[in-house]
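I have placed the structure first, in the form of structure tokens, so that the comments after it can refer back to it.
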Amino acid sequence: MEVRLLKSEDAKAYWELRLEALKSNPEAFALSYEEAIQRKDPLKEVASRLQEEGSYTFGMFDEDRLIGNVTLVQEKALKMQHRGNIYAMYVSAENRKAGVGRSLMKTVIQHAKSISVLEKLNLTVEANNEKAKNLYTSLGFKTYGYEEKALKVDGHFHDEEHMVLFL
């Protein structure tokens, strides 16, 4: 297995995994599967985002198959450039418990540390996702906020925890 920075050529694999994530874990993402499939040209959009300055999406590959990903986005505003945000963390169900998530997170943290202006990383996690929270905590993240009823999925509310890691 190999972790690497995704390129525009990886857009199709990323989009397929993203749709899987939105369908299988809707409580973990703000975007819904239904909204995602309505996009006019998602592959072009993803390919463009994978080349965007200040945005870094890492993927874990098992041979040629993308099995997990995570995105780091550096804030652009001058007063907030010291902040990075982690988004879209996902590992396919059949590859969980194999250290894929930990490898992805370690890679993204290491990359963040190589960006001299970044001083902290923020992320949001569904409050009942104990496995993800345990992973983030084991890597040094701490909860700094709790948002009740952050997302509403199929008529049910989901709370979120906001976590930070100071680099």
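Going through the structure tokens in order, the chains are called A, B, and so on, while each chain numbers its residues from 1 and the ligands are numbered from 1 in the order shown.
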Residues near His162 in chain A, anyone? I mean within 10 Å using only C-alpha atoms, not counting same-chain ones fewer than 6 positions away, as an mmCIF file with all heavy atoms, in the first residue's frame.
```
data_model
loop_
_atom_site.group_PDB
_atom_site.id
_atom_site.type_symbol
_atom_site.label_atom_id
_atom_site.label_comp_id
_atom_site.auth_asym_id
_atom_site.auth_seq_id
_atom_site.Cartn_x
_atom_site.Cartn_y
_atom_site.Cartn_z
ATOM 1 N N ASN A 122 -7.372 22.082 12.048
ATOM 2 C CA ASN A 122 -8.716 21.901 12.570
ATOM 3 C C ASN A 122 -9.414 20.793 11.805
ATOM 4 O O ASN A 122 -9.165 20.611 10.601
ATOM 5 C CB ASN A 122 -9.543 23.186 12.409
ATOM 6 C CG ASN A 122 -9.015 24.339 13.211
ATOM 7 O OD1 ASN A 122 -8.515 24.162 14.314
ATOM 8 N ND2 ASN A 122 -9.118 25.536 12.673
ATOM 9 N N LEU A 123 -10.291 20.091 12.479
ATOM 10 C CA LEU A 123 -11.159 19.127 11.805
ATOM 11 C C LEU A 123 -12.454 19.013 12.584
ATOM 12 O O LEU A 123 -12.548 19.431 13.736
ATOM 13 C CB LEU A 123 -10.475 17.765 11.642
ATOM 14 C CG LEU A 123 -10.081 16.948 12.877
ATOM 15 C CD1 LEU A 123 -11.271 16.209 13.495
ATOM 16 C CD2 LEU A 123 -9.031 15.929 12.499
ATOM 17 N N THR A 124 -13.448 18.452 11.913
ATOM 18 C CA THR A 124 -14.746 18.210 12.532
ATOM 19 C C THR A 124 -15.059 16.727 12.374
ATOM 20 O O THR A 124 -14.808 16.148 11.319
ATOM 21 C CB THR A 124 -15.833 19.061 11.836
ATOM 22 O OG1 THR A 124 -15.471 20.429 11.937
ATOM 23 C CG2 THR A 124 -17.181 18.857 12.476
ATOM 24 N N VAL A 125 -15.602 16.136 13.432
ATOM 25 C CA VAL A 125 -15.927 14.707 13.406
ATOM 26 C C VAL A 125 -17.315 14.497 14.001
ATOM 27 O O VAL A 125 -17.699 15.190 14.954
ATOM 28 C CB VAL A 125 -14.849 13.883 14.158
ATOM 29 C CG1 VAL A 125 -14.754 14.282 15.623
ATOM 30 C CG2 VAL A 125 -15.079 12.393 14.016
ATOM 31 N N GLU A 126 -18.058 13.565 13.430
ATOM 32 C CA GLU A 126 -19.380 13.229 13.950
ATOM 33 C C GLU A 126 -19.199 12.736 15.383
ATOM 34 O O GLU A 126 -18.344 11.882 15.653
ATOM 35 C CB GLU A 126 -20.017 12.157 13.049
ATOM 36 C CG GLU A 126 -21.534 12.110 13.120
ATOM 37 C CD GLU A 126 -22.064 11.214 14.222
ATOM 38 O OE1 GLU A 126 -21.316 10.346 14.705
ATOM 39 O OE2 GLU A 126 -23.217 11.382 14.605
ATOM 40 N N ALA A 127 -19.966 13.289 16.295
ATOM 41 C CA ALA A 127 -19.741 13.082 17.731
ATOM 42 C C ALA A 127 -19.832 11.621 18.175
ATOM 43 O O ALA A 127 -19.208 11.241 19.166
ATOM 44 C CB ALA A 127 -20.710 13.936 18.544
ATOM 45 N N PHE A 141 -4.810 15.448 18.548
ATOM 46 C CA PHE A 141 -5.930 16.388 18.437
ATOM 47 C C PHE A 141 -6.689 16.456 19.745
ATOM 48 O O PHE A 141 -6.791 15.463 20.465
ATOM 49 C CB PHE A 141 -6.891 15.952 17.317
ATOM 50 C CG PHE A 141 -6.402 16.250 15.934
ATOM 51 C CD1 PHE A 141 -5.567 15.361 15.277
ATOM 52 C CD2 PHE A 141 -6.790 17.412 15.280
ATOM 53 C CE1 PHE A 141 -5.126 15.618 14.000
ATOM 54 C CE2 PHE A 141 -6.348 17.687 14.001
ATOM 55 C CZ PHE A 141 -5.507 16.786 13.352
ATOM 56 N N LYS A 142 -7.218 17.642 20.030
ATOM 57 C CA LYS A 142 -8.022 17.852 21.231
ATOM 58 C C LYS A 142 -9.341 18.504 20.826
ATOM 59 O O LYS A 142 -9.372 19.348 19.930
ATOM 60 C CB LYS A 142 -7.297 18.765 22.215
ATOM 61 C CG LYS A 142 -6.036 18.156 22.805
ATOM 62 C CD LYS A 142 -5.443 19.061 23.873
ATOM 63 C CE LYS A 142 -4.199 18.551 24.532
ATOM 64 N NZ LYS A 142 -3.684 17.279 24.266
ATOM 65 N N THR A 143 -10.413 18.114 21.514
ATOM 66 C CA THR A 143 -11.722 18.714 21.250
ATOM 67 C C THR A 143 -11.756 20.122 21.831
ATOM 68 O O THR A 143 -11.370 20.335 22.980
ATOM 69 C CB THR A 143 -12.844 17.852 21.866
ATOM 70 O OG1 THR A 143 -12.820 16.570 21.227
ATOM 71 C CG2 THR A 143 -14.206 18.491 21.662
ATOM 72 N N TYR A 144 -12.211 21.067 21.027
ATOM 73 C CA TYR A 144 -12.350 22.439 21.532
ATOM 74 C C TYR A 144 -13.777 22.969 21.400
ATOM 75 O O TYR A 144 -14.080 24.067 21.865
ATOM 76 C CB TYR A 144 -11.374 23.403 20.827
ATOM 77 C CG TYR A 144 -11.700 23.700 19.388
ATOM 78 C CD1 TYR A 144 -12.542 24.753 19.035
ATOM 79 C CD2 TYR A 144 -11.157 22.931 18.364
ATOM 80 C CE1 TYR A 144 -12.833 25.026 17.707
ATOM 81 C CE2 TYR A 144 -11.440 23.200 17.047
ATOM 82 C CZ TYR A 144 -12.284 24.247 16.723
ATOM 83 O OH TYR A 144 -12.574 24.513 15.406
ATOM 84 N N GLY A 145 -14.637 22.188 20.801
ATOM 85 C CA GLY A 145 -16.023 22.638 20.667
ATOM 86 C C GLY A 145 -16.953 21.485 20.329
ATOM 87 O O GLY A 145 -16.527 20.435 19.841
ATOM 88 N N TYR A 146 -18.208 21.697 20.629
ATOM 89 C CA TYR A 146 -19.233 20.687 20.387
ATOM 90 C C TYR A 146 -20.445 21.391 19.801
ATOM 91 O O TYR A 146 -20.941 22.356 20.378
ATOM 92 C CB TYR A 146 -19.608 19.999 21.707
ATOM 93 C CG TYR A 146 -20.463 18.779 21.545
ATOM 94 C CD1 TYR A 146 -19.895 17.510 21.484
ATOM 95 C CD2 TYR A 146 -21.847 18.873 21.443
ATOM 96 C CE1 TYR A 146 -20.668 16.370 21.341
ATOM 97 C CE2 TYR A 146 -22.639 17.746 21.299
ATOM 98 C CZ TYR A 146 -22.041 16.503 21.238
ATOM 99 O OH TYR A 146 -22.812 15.381 21.087
ATOM 100 N N GLU A 147 -20.897 20.927 18.652
ATOM 101 C CA GLU A 147 -22.046 21.543 17.996
ATOM 102 C C GLU A 147 -23.205 20.550 17.965
ATOM 103 O O GLU A 147 -23.124 19.503 17.317
ATOM 104 C CB GLU A 147 -21.686 21.959 16.575
ATOM 105 C CG GLU A 147 -22.808 22.667 15.848
ATOM 106 C CD GLU A 147 -22.416 23.147 14.466
ATOM 107 O OE1 GLU A 147 -21.255 22.985 14.071
ATOM 108 O OE2 GLU A 147 -23.302 23.690 13.795
#
```
Leaving out Val46 in chain A and any residue of its chain fewer than 6 positions from it, which residues lie within 8 Å of it when counting only C-alpha atoms, given as a PyMOL selection string?
-> chain A and resi 8+11+14-15
Export C-alpha atoms of the chosen residues as a tab-separated table (two decimals), in the first residue's frame?
```tsv
chain	number	residue	atom	x	y	z
A	8	SER	CA	-5.80	15.62	-11.61
A	11	ALA	CA	-10.11	12.56	-10.34
A	14	TYR	CA	-11.37	10.08	-6.11
A	15	TRP	CA	-14.91	10.81	-7.29
```
Which residues in chain A does DSSP call strand (DSSP E)? List them as a VMD selection string.
-> chain A and resid 2 to 5 55 to 62 65 to 74 83 to 91 120 to 126 142 to 153 156 to 166
Within 10 Å of Lys131 in chain A using only C-alpha atoms, minus same-chain residues under 5 positions, as a PyMOL selection string = chain A and resi 97+136-137
How would the residues just picked look written out with N, CA, C and O atoms as a CSV table (one decimal), in the first residue's frame?
```
chain,number,residue,atom,x,y,z
A,97,LYS,N,-9.5,-0.7,9.9
A,97,LYS,CA,-8.7,-1.5,10.9
A,97,LYS,C,-7.4,-2.0,10.4
A,97,LYS,O,-6.8,-2.9,10.9
A,136,TYR,N,-8.0,10.4,16.0
A,136,TYR,CA,-7.5,11.8,16.0
A,136,TYR,C,-6.9,12.2,17.4
A,136,TYR,O,-5.8,12.8,17.4
A,137,THR,N,-7.5,11.7,18.5
A,137,THR,CA,-6.9,12.0,19.8
A,137,THR,C,-5.5,11.3,20.0
A,137,THR,O,-4.6,11.9,20.5
```
Could you check how far CA of Pro26 in chain A sits from CA of Ser55 in chain A, in Å to one decimal?
->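 Going from CA of Pro26 in chain A over to CA of Ser55 in chain A covers 23.1 Å.
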Show which residues sit within 6 Å of Lys120 in chain A, as an MDAnalysis selection string. Count only C-alpha atoms, and ignore same-chain residues fewer than 4 positions away.
-> chainID A and resid 83 165:167
Using only C-alpha atoms, the best pick from A:Asn129, A:Leu139, A:Asn134, A:Ile109 as closest to Glu27 in chain A would be A:Asn129
Considering only C-alpha atoms, state which residue in the set A:Thr57, A:His82, A:His158, A:Ala28 is at the smallest distance from Val108 in chain A.
-> A:Thr57
Take CA of Ala98 in chain A and CA of Met1 in chain A and report the distance between them in Å, one decimal.
-> 10.5 Å
Please return as a PyMOL selection string: the residues of range 43-144 of chain A that backbone DSSP assigns to helix (DSSP H, G or I).
-> chain A and resi 43-49+78-80+93-95+100-113+130-138
How would the residues just chosen look if you wrote them out with C-alpha atoms as an mmCIF file, in the first residue's frame?
```cif
data_model
loop_
_atom_site.group_PDB
_atom_site.id
_atom_site.type_symbol
_atom_site.label_atom_id
_atom_site.label_comp_id
_atom_site.auth_asym_id
_atom_site.auth_seq_id
_atom_site.Cartn_x
_atom_site.Cartn_y
_atom_site.Cartn_z
ATOM 1 C CA LEU A 43 -14.713 14.960 -12.731
ATOM 2 C CA LYS A 44 -13.636 18.318 -14.163
ATOM 3 C CA GLU A 45 -14.438 19.982 -10.829
ATOM 4 C CA VAL A 46 -12.457 17.383 -8.861
ATOM 5 C CA ALA A 47 -9.504 17.521 -11.277
ATOM 6 C CA SER A 48 -9.396 21.293 -10.863
ATOM 7 C CA ARG A 49 -9.580 21.065 -7.063
ATOM 8 C CA LEU A 78 -4.011 36.798 5.551
ATOM 9 C CA LYS A 79 -5.071 36.676 9.200
ATOM 10 C CA MET A 80 -5.960 32.977 8.991
ATOM 11 C CA ALA A 93 -15.259 -0.099 4.809
ATOM 12 C CA GLU A 94 -13.330 -3.215 3.772
ATOM 13 C CA ASN A 95 -10.005 -1.489 4.483
ATOM 14 C CA VAL A 100 -5.065 3.152 6.482
ATOM 15 C CA GLY A 101 -6.658 6.070 8.336
ATOM 16 C CA ARG A 102 -3.656 6.438 10.634
ATOM 17 C CA SER A 103 -1.252 6.421 7.668
ATOM 18 C CA LEU A 104 -3.305 9.043 5.844
ATOM 19 C CA MET A 105 -3.525 11.272 8.912
ATOM 20 C CA LYS A 106 0.192 10.952 9.697
ATOM 21 C CA THR A 107 0.984 11.883 6.090
ATOM 22 C CA VAL A 108 -1.281 14.930 6.106
ATOM 23 C CA ILE A 109 0.096 16.099 9.479
ATOM 24 C CA GLN A 110 3.667 15.681 8.247
ATOM 25 C CA HIS A 111 2.822 17.646 5.109
ATOM 26 C CA ALA A 112 1.191 20.394 7.185
ATOM 27 C CA LYS A 113 4.360 20.669 9.278
ATOM 28 C CA GLU A 130 -15.674 6.907 18.482
ATOM 29 C CA LYS A 131 -13.159 5.145 16.216
ATOM 30 C CA ALA A 132 -12.381 8.336 14.315
ATOM 31 C CA LYS A 133 -12.240 10.408 17.510
ATOM 32 C CA ASN A 134 -9.870 7.865 19.086
ATOM 33 C CA LEU A 135 -7.616 8.025 16.010
ATOM 34 C CA TYR A 136 -7.513 11.824 16.046
ATOM 35 C CA THR A 137 -6.927 11.955 19.815
ATOM 36 C CA SER A 138 -4.082 9.421 19.534
#
```
